[in-house]
>>> print(open('query_11.txt').read())   # compact mmCIF, C-alpha atoms and all ligand atoms
# COMPACT_ATOMS: atom_id res chain seq x y z
CA MET A 1 6.16 -19.61 17.03
CA ARG A 2 3.26 -17.41 18.00
CA VAL A 3 1.69 -14.49 16.18
CA ARG A 4 0.47 -11.58 18.31
CA PRO A 5 -0.56 -7.95 17.86
CA ALA A 6 2.42 -5.58 17.76
CA THR A 7 3.15 -3.22 20.62
CA ALA A 8 5.00 0.11 20.70
CA GLY A 9 7.98 -1.74 22.23
CA ASP A 10 8.44 -3.78 19.03
CA TYR A 11 9.93 -0.75 17.25
CA PRO A 12 13.56 -2.02 17.33
CA ALA A 13 12.47 -5.27 15.65
CA PHE A 14 10.31 -3.40 13.14
CA SER A 15 13.13 -1.03 12.23
CA ARG A 16 15.46 -4.01 11.72
CA LEU A 17 12.95 -5.84 9.48
CA PHE A 18 11.41 -2.97 7.46
CA PRO A 19 14.45 -2.54 5.13
CA GLU A 20 13.92 -6.16 4.00
CA LEU A 21 11.00 -4.88 1.92
CA ALA A 22 13.65 -3.23 -0.30
CA VAL A 23 11.32 -0.55 -1.62
CA GLY A 24 13.80 2.29 -1.16
CA ASP A 25 11.76 4.12 1.48
CA PRO A 26 13.27 5.42 4.71
CA THR A 27 12.35 3.37 7.77
CA PRO A 28 9.30 4.98 9.42
CA ASP A 29 10.27 6.69 12.67
CA GLU A 30 8.99 5.65 16.08
CA VAL A 31 6.21 8.27 16.06
CA LYS A 32 4.84 6.87 12.80
CA TRP A 33 5.29 3.33 14.10
CA ARG A 34 3.26 4.02 17.22
CA GLY A 35 0.57 6.17 15.64
CA ASP A 36 0.13 4.62 12.23
CA LEU A 37 1.41 1.06 12.15
CA VAL A 38 1.16 -0.53 15.62
CA PRO A 39 -2.66 -0.74 15.74
CA THR A 40 -2.80 -2.91 12.60
CA THR A 41 0.47 -4.82 12.76
CA LEU A 42 1.06 -8.44 13.76
CA VAL A 43 4.41 -9.82 14.84
CA ALA A 44 5.66 -13.40 14.79
CA GLU A 45 7.68 -14.30 17.84
CA GLU A 46 9.93 -17.27 18.56
CA GLU A 47 11.41 -17.74 22.05
CA GLY A 48 10.76 -14.09 22.83
CA GLU A 49 12.39 -12.82 19.64
CA VAL A 50 10.45 -11.07 16.88
CA VAL A 51 11.12 -12.98 13.65
CA GLY A 52 8.65 -11.28 11.34
CA TYR A 53 5.85 -8.75 11.03
CA LEU A 54 2.81 -8.01 8.88
CA PHE A 55 1.13 -4.59 8.55
CA TYR A 56 -2.41 -4.50 7.17
CA GLN A 57 -5.51 -2.40 6.63
CA ALA A 58 -8.84 -4.06 7.47
CA LEU A 59 -11.28 -2.34 5.09
CA SER A 60 -15.00 -2.99 5.02
CA ASP A 61 -14.90 -5.69 2.35
CA THR A 62 -11.18 -6.16 1.80
CA GLY A 63 -8.15 -7.07 3.86
CA TYR A 64 -5.18 -5.12 2.47
CA ILE A 65 -1.78 -6.52 3.39
CA ARG A 66 0.78 -3.71 3.17
CA HIS A 67 4.01 -5.26 4.48
CA VAL A 68 5.07 -8.85 5.25
CA VAL A 69 8.61 -9.62 6.35
CA ALA A 70 10.28 -12.72 7.76
CA ALA A 71 13.70 -12.26 9.39
CA PRO A 72 16.42 -13.29 6.91
CA ALA A 73 17.73 -15.99 9.27
CA ARG A 74 14.23 -17.49 9.59
CA ARG A 75 13.14 -17.63 5.95
CA ARG A 76 11.32 -20.65 4.55
CA ALA A 77 10.40 -21.81 8.04
CA GLY A 78 6.73 -20.83 7.96
CA VAL A 79 6.96 -17.32 9.45
CA GLY A 80 5.47 -15.56 6.42
CA ARG A 81 2.69 -18.12 6.12
CA ALA A 82 1.83 -17.90 9.83
CA LEU A 83 1.54 -14.12 9.60
CA VAL A 84 -0.56 -14.21 6.44
CA GLU A 85 -2.90 -16.86 7.88
CA GLU A 86 -3.40 -14.84 11.07
CA ALA A 87 -4.19 -11.79 8.93
CA ARG A 88 -6.70 -13.92 7.02
CA ARG A 89 -8.41 -14.95 10.27
CA ARG A 90 -8.69 -11.32 11.32
CA PHE A 91 -10.03 -10.18 7.94
CA VAL A 92 -12.66 -12.94 7.91
CA ALA A 93 -13.66 -12.13 11.49
CA ALA A 94 -14.06 -8.48 10.48
CA GLY A 95 -16.44 -9.50 7.67
CA ALA A 96 -14.14 -9.06 4.65
CA ARG A 97 -14.59 -11.28 1.60
CA ARG A 98 -11.37 -10.60 -0.30
CA TRP A 99 -7.75 -9.74 0.35
CA CYS A 100 -5.05 -8.09 -1.69
CA LEU A 101 -1.53 -6.67 -1.71
CA ASN A 102 1.22 -5.32 -3.93
CA VAL A 103 4.41 -7.20 -4.73
CA LYS A 104 7.43 -6.66 -6.94
CA PRO A 105 7.26 -8.93 -10.03
CA GLU A 106 10.70 -10.42 -9.33
CA ASN A 107 9.83 -11.37 -5.73
CA THR A 108 9.34 -15.07 -6.37
CA ALA A 109 9.35 -16.01 -2.67
CA ALA A 110 6.50 -13.63 -1.85
CA ILE A 111 4.54 -14.50 -4.99
CA GLY A 112 4.90 -18.20 -4.12
CA LEU A 113 3.42 -17.50 -0.71
CA TYR A 114 0.54 -15.38 -2.03
CA GLU A 115 -0.36 -17.85 -4.78
CA SER A 116 -0.34 -20.66 -2.24
CA VAL A 117 -3.10 -18.87 -0.31
CA GLY A 118 -5.22 -18.33 -3.40
CA MET A 119 -4.22 -14.86 -4.58
CA SER A 120 -3.58 -14.17 -8.25
CA PHE A 121 -2.22 -11.36 -10.41
CA GLN A 122 -4.72 -8.58 -11.06
CA HIS A 123 -2.82 -5.67 -12.63
CA ALA A 124 0.48 -3.81 -12.82
CA SER A 125 1.12 -0.54 -10.95
CA THR A 126 4.00 1.90 -10.73
CA ALA A 127 5.61 4.05 -8.05
CA LEU A 128 6.95 7.29 -9.50
CA PHE A 129 8.93 10.31 -8.38
CA TRP A 130 7.27 13.44 -9.71
CA PRO A 131 9.13 16.78 -9.67
CA TRP A 132 6.71 19.38 -8.26
CA VAL A 133 7.88 21.95 -10.81
CA ALA A 134 6.82 19.69 -13.69
CA GLY A 135 3.18 20.32 -12.83
CA ALA A 136 3.37 23.55 -14.78
CA ALA A 137 4.00 21.57 -17.98
CA LEU A 138 0.77 19.60 -17.67
CA PRO A 139 -2.31 20.77 -19.57
CA GLN A 140 -5.02 22.74 -17.77
CA SER A 141 -8.73 22.28 -18.22
CA PRO A 142 -11.47 24.68 -17.17
CA SER A 143 -13.83 21.78 -16.47
CA VAL A 144 -11.49 20.24 -13.84
CA VAL A 145 -11.76 21.21 -10.18
CA ALA A 146 -9.76 19.67 -7.32
CA ARG A 147 -10.44 20.12 -3.60
CA ARG A 148 -10.15 18.39 -0.23
CA ALA A 149 -12.18 15.17 -0.18
CA GLU A 150 -14.74 14.95 2.61
CA PRO A 151 -16.07 11.72 4.14
CA SER A 152 -19.28 12.26 2.17
CA ASP A 153 -17.23 11.92 -1.05
CA ASP A 154 -15.73 8.55 -0.17
CA ALA A 155 -18.33 6.10 -1.46
CA GLU A 156 -18.65 7.80 -4.85
CA VAL A 157 -14.87 8.22 -5.24
CA GLU A 158 -14.21 4.56 -4.40
CA ARG A 159 -16.94 3.39 -6.78
CA GLU A 160 -15.87 5.62 -9.69
CA LEU A 161 -12.16 4.84 -9.33
CA ALA A 162 -12.61 1.12 -8.55
CA LEU A 163 -10.95 1.38 -5.13
CA ALA A 164 -11.61 -0.94 -2.22
CA PRO A 165 -14.61 0.32 -0.22
CA GLY A 166 -13.39 1.86 3.03
CA LEU A 167 -9.92 2.77 1.72
CA CYS A 168 -10.49 6.54 2.00
CA ALA A 169 -11.90 6.35 5.53
CA ASP A 170 -9.05 4.12 6.70
CA PHE A 171 -6.39 6.50 5.40
CA ARG A 172 -8.24 9.58 6.63
CA ALA A 173 -8.02 8.18 10.16
CA ARG A 174 -4.21 7.83 9.90
CA ALA A 175 -1.91 10.65 10.95
CA GLY A 176 -0.63 13.08 8.33
CA ARG A 177 -2.97 12.03 5.49
CA VAL A 178 -4.88 14.61 3.46
CA LEU A 179 -7.31 13.44 0.79
CA PHE A 180 -8.01 15.35 -2.42
CA VAL A 181 -10.62 14.62 -5.04
CA ALA A 182 -10.86 16.02 -8.56
CA HIS A 183 -13.99 16.33 -10.67
CA ASP A 184 -14.16 16.86 -14.42
CA ALA A 185 -17.46 18.38 -15.53
CA GLY A 186 -18.95 17.29 -12.22
CA ARG A 187 -17.83 13.66 -12.43
CA VAL A 188 -15.16 12.11 -10.19
CA ALA A 189 -11.93 12.10 -12.20
CA GLY A 190 -9.13 11.70 -9.70
CA LEU A 191 -7.98 11.13 -6.14
CA ALA A 192 -4.76 11.69 -4.21
CA ILE A 193 -4.36 10.28 -0.72
CA TYR A 194 -1.41 12.42 0.27
CA ASP A 195 0.84 11.41 3.15
CA THR A 196 2.29 14.78 4.05
CA HIS A 197 5.01 13.30 6.31
CA PHE A 198 6.23 10.82 3.72
CA ASP A 199 5.61 13.20 0.81
CA GLY A 200 3.82 10.64 -1.28
CA ALA A 201 0.35 9.96 -2.67
CA LEU A 202 -1.00 6.40 -2.37
CA PRO A 203 -2.95 5.99 -4.51
CA PHE A 204 -2.68 8.76 -7.10
CA ALA A 205 -5.46 8.44 -9.69
CA ALA A 206 -6.21 10.87 -12.51
CA ARG A 207 -8.23 10.17 -15.62
CA GLU A 208 -6.35 12.86 -17.60
CA PRO A 209 -3.08 14.81 -17.22
CA ALA A 210 -5.15 17.97 -16.57
CA VAL A 211 -6.70 16.20 -13.58
CA ALA A 212 -3.21 15.31 -12.32
CA ARG A 213 -2.22 18.98 -12.59
CA ALA A 214 -5.23 20.11 -10.58
CA LEU A 215 -4.43 17.54 -7.88
CA PHE A 216 -0.77 18.65 -7.70
CA GLU A 217 -1.89 22.26 -7.27
CA VAL A 218 -4.05 21.47 -4.25
CA MET A 219 -1.51 19.06 -2.75
CA LEU A 220 1.50 21.38 -2.95
CA PRO A 221 0.55 23.76 -0.10
CA HIS A 222 0.30 20.73 2.23
CA ARG A 223 3.87 19.57 1.57
CA THR A 224 5.84 19.45 4.80
CA SER A 225 9.24 18.15 3.70
CA GLY A 226 10.42 20.82 1.26
CA ALA A 227 11.52 17.98 -1.07
CA SER A 228 11.58 18.79 -4.77
CA GLU A 229 9.78 15.56 -5.71
CA VAL A 230 6.64 13.82 -4.53
CA GLN A 231 6.13 10.07 -4.77
CA LEU A 232 3.06 8.78 -6.56
CA VAL A 233 1.61 5.30 -6.72
CA VAL A 234 -0.35 4.97 -9.95
CA GLU A 235 -2.42 1.80 -9.92
CA ASN A 236 -3.49 -0.08 -13.04
CA ASP A 237 -3.14 2.94 -15.34
CA ALA A 238 -0.37 2.59 -17.94
CA ARG A 239 -1.73 5.61 -19.82
CA LEU A 240 -1.34 8.00 -16.87
CA THR A 241 2.03 6.47 -15.98
CA SER A 242 3.37 7.12 -19.50
CA ALA A 243 1.87 10.61 -19.59
CA LEU A 244 3.68 11.49 -16.35
CA VAL A 245 6.94 9.80 -17.41
CA ASP A 246 6.84 11.74 -20.70
CA ARG A 247 6.63 14.96 -18.68
CA GLY A 248 9.44 14.28 -16.21
CA ALA A 249 8.39 11.55 -13.74
CA ARG A 250 11.03 8.95 -12.80
CA VAL A 251 9.98 5.35 -12.27
CA LYS A 252 10.87 4.22 -8.75
CA LEU A 253 9.56 0.68 -9.04
CA ALA A 254 7.05 -1.44 -10.83
CA PHE A 255 4.85 -3.81 -8.89
CA CYS A 256 1.96 -6.19 -9.29
CA HIS A 257 -1.38 -6.17 -7.52
CA TYR A 258 -2.47 -9.59 -6.27
CA ALA A 259 -5.88 -10.37 -4.82
CA GLY A 260 -7.96 -13.36 -3.86
CA ASP A 261 -11.05 -14.69 -2.19
CA LEU A 262 -10.66 -15.08 1.57
CA ARG A 263 -12.70 -18.29 1.43
CA PHE A 264 -9.95 -20.03 -0.59
CA PRO A 265 -9.12 -23.24 1.32
CA VAL A 266 -6.68 -22.56 4.16
CA SER A 267 -3.22 -23.89 3.31
CA SER A 268 -2.51 -27.38 4.62
CA SER A 269 0.69 -26.47 6.46
CA THR A 270 -1.11 -24.35 9.08
C1 LIG A 301 8.17 -13.24 1.32
C2 LIG A 301 8.55 -13.69 2.72
C3 LIG A 301 7.77 -12.87 3.74
C4 LIG A 301 8.17 -15.16 2.87
O1 LIG A 301 8.36 -15.51 4.23
P1 LIG A 301 8.88 -16.95 4.70
O2 LIG A 301 8.69 -17.03 6.15
O3 LIG A 301 10.25 -17.19 4.19
O4 LIG A 301 7.87 -17.89 3.92
P2 LIG A 301 7.28 -19.29 4.45
O5 LIG A 301 8.39 -20.13 5.01
O6 LIG A 301 6.12 -19.04 5.32
O7 LIG A 301 6.83 -19.94 3.08
C5 LIG A 301 5.48 -19.97 2.67
C6 LIG A 301 5.41 -20.27 1.21
O8 LIG A 301 5.95 -19.18 0.45
C7 LIG A 301 6.62 -19.69 -0.72
N1 LIG A 301 8.04 -19.38 -0.64
C8 LIG A 301 8.69 -18.86 0.43
N2 LIG A 301 9.98 -18.65 0.12
C9 LIG A 301 10.14 -19.07 -1.15
C10 LIG A 301 11.23 -19.07 -2.04
N3 LIG A 301 12.45 -18.65 -1.65
N4 LIG A 301 11.04 -19.51 -3.29
C11 LIG A 301 9.82 -19.92 -3.69
N5 LIG A 301 8.73 -19.94 -2.89
C12 LIG A 301 8.89 -19.51 -1.63
C13 LIG A 301 6.38 -21.18 -0.71
O9 LIG A 301 5.14 -21.41 -1.36
C14 LIG A 301 6.23 -21.45 0.77
O10 LIG A 301 5.53 -22.63 1.05
P3 LIG A 301 6.33 -24.02 1.22
O11 LIG A 301 7.51 -23.74 2.10
O12 LIG A 301 5.30 -24.91 1.85
O13 LIG A 301 6.73 -24.41 -0.14
C15 LIG A 301 10.09 -13.57 2.94
O14 LIG A 301 10.76 -14.13 1.85
C16 LIG A 301 10.59 -12.15 3.14
O15 LIG A 301 10.54 -11.61 4.25
N6 LIG A 301 11.09 -11.49 2.06
C17 LIG A 301 11.63 -10.14 2.17
C18 LIG A 301 10.52 -9.13 2.37
C19 LIG A 301 9.50 -9.21 1.25
O16 LIG A 301 9.86 -9.28 0.08
N7 LIG A 301 8.21 -9.22 1.63
C20 LIG A 301 7.12 -9.31 0.71
C21 LIG A 301 6.74 -7.95 0.26
S1 LIG A 301 5.40 -8.02 -0.91
>>> encode(input="query_11.txt", output="structure tokens", more="lines below")
Ligand SMILES: CC(C)(COP(=O)(O)OP(=O)(O)OC[C@H]1O[C@@H](n2cnc3c(N)ncnc32)[C@H](O)[C@@H]1OP(=O)(O)O)[C@@H](O)C(=O)NCCC(=O)NCCS
Amino acid sequence: MRVRPATAGDYPAFSRLFPELAVGDPTPDEVKWRGDLVPTTLVAEEEGEVVGYLFYQALSDTGYIRHVVAAPARRRAGVGRALVEEARRRFVAAGARRWCLNVKPENTAAIGLYESVGMSFQHASTALFWPWVAGAALPQSPSVVARRAEPSDDAEVERELALAPGLCADFRARAGRVLFVAHDAGRVAGLAIYDTHFDGALPFAAREPAVARALFEVMLPHRTSGASEVQLVVENDARLTSALVDRGARVKLAFCHYAGDLRFPVSSST
């Protein structure tokens, strides 16, 4: 088996493997594959056949693994570990000190893999469907202002909202993303990294429901799909999750954030 950078021509393999993530999202189309995923995707290949892939973001201090899939017929044969270890090598070479990812709590195979490379549970997060019309039921606050986030906002936003440094810049460079920041009385109070093609915000952070409302108002004109709901990923914030669920959000899935130190001893089987 060898692990190599993905190419545009790997799309058929990617589109076969992506549904294995079982997150209920449509398979990204070939345009998104080429423009958004290929540059930071690794594939595992055996005798010329792609048997797995891993999509990541290499942030300044953190390697963020977004997808890992091993072909169903090749599970438990070291594909996932080989991909994760190659990602580790790349993150270390890029100067990162930690790595992280999200995983469904019932995914024992994936959790086994991540724990074996030194990651541990950090917090719970939730993906929600939010009906755009429900924004009108959220409270308003005169002290809250939302607007497009500029690169000069990034460092403060990431610090205030405990996000990985470099996350905003990485997403800003990806096609179709628009970033919004909200301030409450001049202090950073929320962020939405809105993927206008997918119609989802990852992450969606708001210290108060009024902040969420202000973010929805600035996001709405950028919607491209015409869908009645937007997806939100609310990280480590049970209070905001319940506030949104109480006002009409539907839970899509719950997941766990795992993270670890990249200097954890490399697993013996590699
Ligand atoms: C998670 C996944 C990528 C693991 O890939 P894999 O190639 O089967 O895993 P590996 O053979 O490299 O196994 C590495 C380690 O993971 C753990 N592991 C893998 N499968 C496991 C299982 N079924 N049960 C428990 N632990 C498991 C073990 O610690 C294993 O090490 P070991 O074999 O030395 O005991 C694979 O199960 C998969 O593609 N699942 C569907 C997609 C998915 O859920 N991706 C993760 C999204 S967060």
>>> residues_near_ligand(input="query_11.txt", ligand="ligand LIG 301 (chain A)", cutoff="9 Å", atoms="all atoms listed in the file", output="number ranges by chain")
A: 17-23, 51-54, 65-72, 74-84, 101-104, 107-117, 267-269
>>> residues_around(input="query_11.txt", residues="Ala96 of chain A", least_positions_apart="6", cutoff="10 Å", atoms="all atoms listed in the file", output="PDB file with C-alpha atoms, keeping the file's coordinate frame")
ATOM      1  CA  ALA A  58      -8.840  -4.060   7.470  1.00  0.00           C
ATOM      2  CA  LEU A  59     -11.280  -2.340   5.090  1.00  0.00           C
ATOM      3  CA  SER A  60     -15.000  -2.990   5.020  1.00  0.00           C
ATOM      4  CA  ASP A  61     -14.900  -5.690   2.350  1.00  0.00           C
ATOM      5  CA  THR A  62     -11.180  -6.160   1.800  1.00  0.00           C
ATOM      6  CA  GLY A  63      -8.150  -7.070   3.860  1.00  0.00           C
ATOM      7  CA  ARG A  88      -6.700 -13.920   7.020  1.00  0.00           C
ATOM      8  CA  ARG A  89      -8.410 -14.950  10.270  1.00  0.00           C
ATOM      9  CA  ARG A  90      -8.690 -11.320  11.320  1.00  0.00           C
ATOM     10  CA  ASP A 261     -11.050 -14.690  -2.190  1.00  0.00           C
ATOM     11  CA  LEU A 262     -10.660 -15.080   1.570  1.00  0.00           C
ATOM     12  CA  ARG A 263     -12.700 -18.290   1.430  1.00  0.00           C
TER      13      ARG A 263
END
>>> atom_distance(input="query_11.txt", atom1="atom CA of Ala259 of chain A", atom2="atom CA of Trp99 of chain A")
5.5 Å
>>> residues_around(input="query_11.txt", residues="Arg239 of chain A", least_positions_apart="5", cutoff="12 Å", atoms="all atoms listed in the file", output="list in words")
Ala124, Ser125, Thr126, Ala205, Ala206, Arg207, Glu208, Pro209, Val234, Leu244, Val245 and Asp246 of chain A
>>> residues_around(input="query_11.txt", residues="Gly35 of chain A", least_positions_apart="4", cutoff="9 Å", atoms="all atoms listed in the file", output="JSON, numbers by chain")
{"A": [30, 31, 39, 174, 175]}
>>> closest_residue(input="query_11.txt", among="A:Trp132, A:Phe198, A:Phe180, A:Phe171", to="Arg247 of chain A", atoms="only C-alpha atoms")
A:Trp132
>>> atom_distance(input="query_11.txt", atom1="atom CA of Tyr11 of chain A", atom2="atom CA of Trp33 of chain A")
6.9 Å
>>> closest_residue(input="query_11.txt", among="A:Ala44, A:Leu167, A:Ala137, A:Met119", to="Leu179 of chain A", atoms="only C-alpha atoms")
A:Leu167
>>> residues_around(input="query_11.txt", residues="Lys32 of chain A", least_positions_apart="4", cutoff="12 Å", atoms="all atoms listed in the file", output="PyMOL selection string")
chain A and resi 8+11+14-15+26-28+36-39+174-177+195+197-198
>>> write_last_selection(input="query_11.txt", atoms="C-alpha atoms", output="PDB file, in the coordinates of the input")
ATOM      1  CA  ALA A   8       5.000   0.110  20.700  1.00  0.00           C
ATOM      2  CA  TYR A  11       9.930  -0.750  17.250  1.00  0.00           C
ATOM      3  CA  PHE A  14      10.310  -3.400  13.140  1.00  0.00           C
ATOM      4  CA  SER A  15      13.130  -1.030  12.230  1.00  0.00           C
ATOM      5  CA  PRO A  26      13.270   5.420   4.710  1.00  0.00           C
ATOM      6  CA  THR A  27      12.350   3.370   7.770  1.00  0.00           C
ATOM      7  CA  PRO A  28       9.300   4.980   9.420  1.00  0.00           C
ATOM      8  CA  ASP A  36       0.130   4.620  12.230  1.00  0.00           C
ATOM      9  CA  LEU A  37       1.410   1.060  12.150  1.00  0.00           C
ATOM     10  CA  VAL A  38       1.160  -0.530  15.620  1.00  0.00           C
ATOM     11  CA  PRO A  39      -2.660  -0.740  15.740  1.00  0.00           C
ATOM     12  CA  ARG A 174      -4.210   7.830   9.900  1.00  0.00           C
ATOM     13  CA  ALA A 175      -1.910  10.650  10.950  1.00  0.00           C
ATOM     14  CA  GLY A 176      -0.630  13.080   8.330  1.00  0.00           C
ATOM     15  CA  ARG A 177      -2.970  12.030   5.490  1.00  0.00           C
ATOM     16  CA  ASP A 195       0.840  11.410   3.150  1.00  0.00           C
ATOM     17  CA  HIS A 197       5.010  13.300   6.310  1.00  0.00           C
ATOM     18  CA  PHE A 198       6.230  10.820   3.720  1.00  0.00           C
TER      19      PHE A 198
END
>>> residues_around(input="query_11.txt", residues="Ala189 of chain A", least_positions_apart="5", cutoff="10 Å", atoms="all atoms listed in the file", output="number ranges by chain")
A: 144-146, 157, 160-161, 181-184, 205-208, 210-212
>>> closest_residue(input="query_11.txt", among="A:Val50, A:Leu42, A:Ala162, A:Val233", to="Cys256 of chain A", atoms="all atoms listed in the file")
A:Val233
>>> closest_residue(input="query_11.txt", among="A:Val218, A:Glu46, A:Val230, A:Glu235", to="Ala249 of chain A", atoms="all atoms listed in the file")
A:Val230
>>> atom_distance(input="query_11.txt", atom1="atom CA of Ser141 of chain A", atom2="atom CA of Thr224 of chain A")
27.4 Å
>>> build_atoms(input="query_11.txt", residues="segment 108-131 of chain A", atoms="N, CA and C atoms", output="CSV table (one decimal), in the coordinates of the input")
chain,number,residue,atom,x,y,z
A,108,THR,N,9.9,-13.7,-6.2
A,108,THR,CA,9.3,-15.1,-6.4
A,108,THR,C,8.9,-15.7,-5.0
A,109,ALA,N,9.7,-15.4,-4.0
A,109,ALA,CA,9.4,-16.0,-2.7
A,109,ALA,C,8.0,-15.5,-2.2
A,110,ALA,N,7.8,-14.2,-2.3
A,110,ALA,CA,6.5,-13.6,-1.8
A,110,ALA,C,5.4,-14.1,-2.8
A,111,ILE,N,5.6,-14.1,-4.1
A,111,ILE,CA,4.5,-14.5,-5.0
A,111,ILE,C,4.2,-16.0,-4.7
A,112,GLY,N,5.2,-16.8,-4.4
A,112,GLY,CA,4.9,-18.2,-4.1
A,112,GLY,C,4.0,-18.3,-2.9
A,113,LEU,N,4.3,-17.5,-1.9
A,113,LEU,CA,3.4,-17.5,-0.7
A,113,LEU,C,2.0,-17.0,-1.0
A,114,TYR,N,1.9,-15.9,-1.8
A,114,TYR,CA,0.5,-15.4,-2.0
A,114,TYR,C,-0.3,-16.3,-2.9
A,115,GLU,N,0.4,-16.9,-3.9
A,115,GLU,CA,-0.4,-17.8,-4.8
A,115,GLU,C,-0.8,-19.1,-4.0
A,116,SER,N,0.0,-19.5,-3.0
A,116,SER,CA,-0.3,-20.7,-2.2
A,116,SER,C,-1.6,-20.4,-1.3
A,117,VAL,N,-1.9,-19.1,-1.1
A,117,VAL,CA,-3.1,-18.9,-0.3
A,117,VAL,C,-4.2,-18.4,-1.2
A,118,GLY,N,-4.1,-18.6,-2.5
A,118,GLY,CA,-5.2,-18.3,-3.4
A,118,GLY,C,-5.3,-17.0,-4.1
A,119,MET,N,-4.2,-16.2,-3.9
A,119,MET,CA,-4.2,-14.9,-4.6
A,119,MET,C,-3.7,-15.0,-6.0
A,120,SER,N,-4.1,-14.1,-6.9
A,120,SER,CA,-3.6,-14.2,-8.2
A,120,SER,C,-3.4,-12.7,-8.8
A,121,PHE,N,-2.6,-12.7,-9.8
A,121,PHE,CA,-2.2,-11.4,-10.4
A,121,PHE,C,-3.5,-10.7,-10.9
A,122,GLN,N,-3.6,-9.4,-10.6
A,122,GLN,CA,-4.7,-8.6,-11.1
A,122,GLN,C,-4.3,-7.5,-12.1
A,123,HIS,N,-3.3,-6.7,-11.7
A,123,HIS,CA,-2.8,-5.7,-12.6
A,123,HIS,C,-1.4,-5.2,-12.2
A,124,ALA,N,-0.8,-4.4,-13.1
A,124,ALA,CA,0.5,-3.8,-12.8
A,124,ALA,C,0.3,-2.4,-12.3
A,125,SER,N,1.2,-1.9,-11.4
A,125,SER,CA,1.1,-0.5,-11.0
A,125,SER,C,2.5,0.0,-10.9
A,126,THR,N,2.7,1.3,-10.7
A,126,THR,CA,4.0,1.9,-10.7
A,126,THR,C,4.1,3.0,-9.6
A,127,ALA,N,5.3,3.0,-9.0
A,127,ALA,CA,5.6,4.0,-8.0
A,127,ALA,C,6.5,5.0,-8.8
A,128,LEU,N,6.2,6.3,-8.7
A,128,LEU,CA,7.0,7.3,-9.5
A,128,LEU,C,7.5,8.4,-8.6
A,129,PHE,N,8.5,9.0,-9.0
A,129,PHE,CA,8.9,10.3,-8.4
A,129,PHE,C,8.5,11.4,-9.4
A,130,TRP,N,7.8,12.4,-8.9
A,130,TRP,CA,7.3,13.4,-9.7
A,130,TRP,C,7.9,14.8,-9.2
A,131,PRO,N,8.6,15.5,-10.1
A,131,PRO,CA,9.1,16.8,-9.7
A,131,PRO,C,8.0,17.8,-9.6
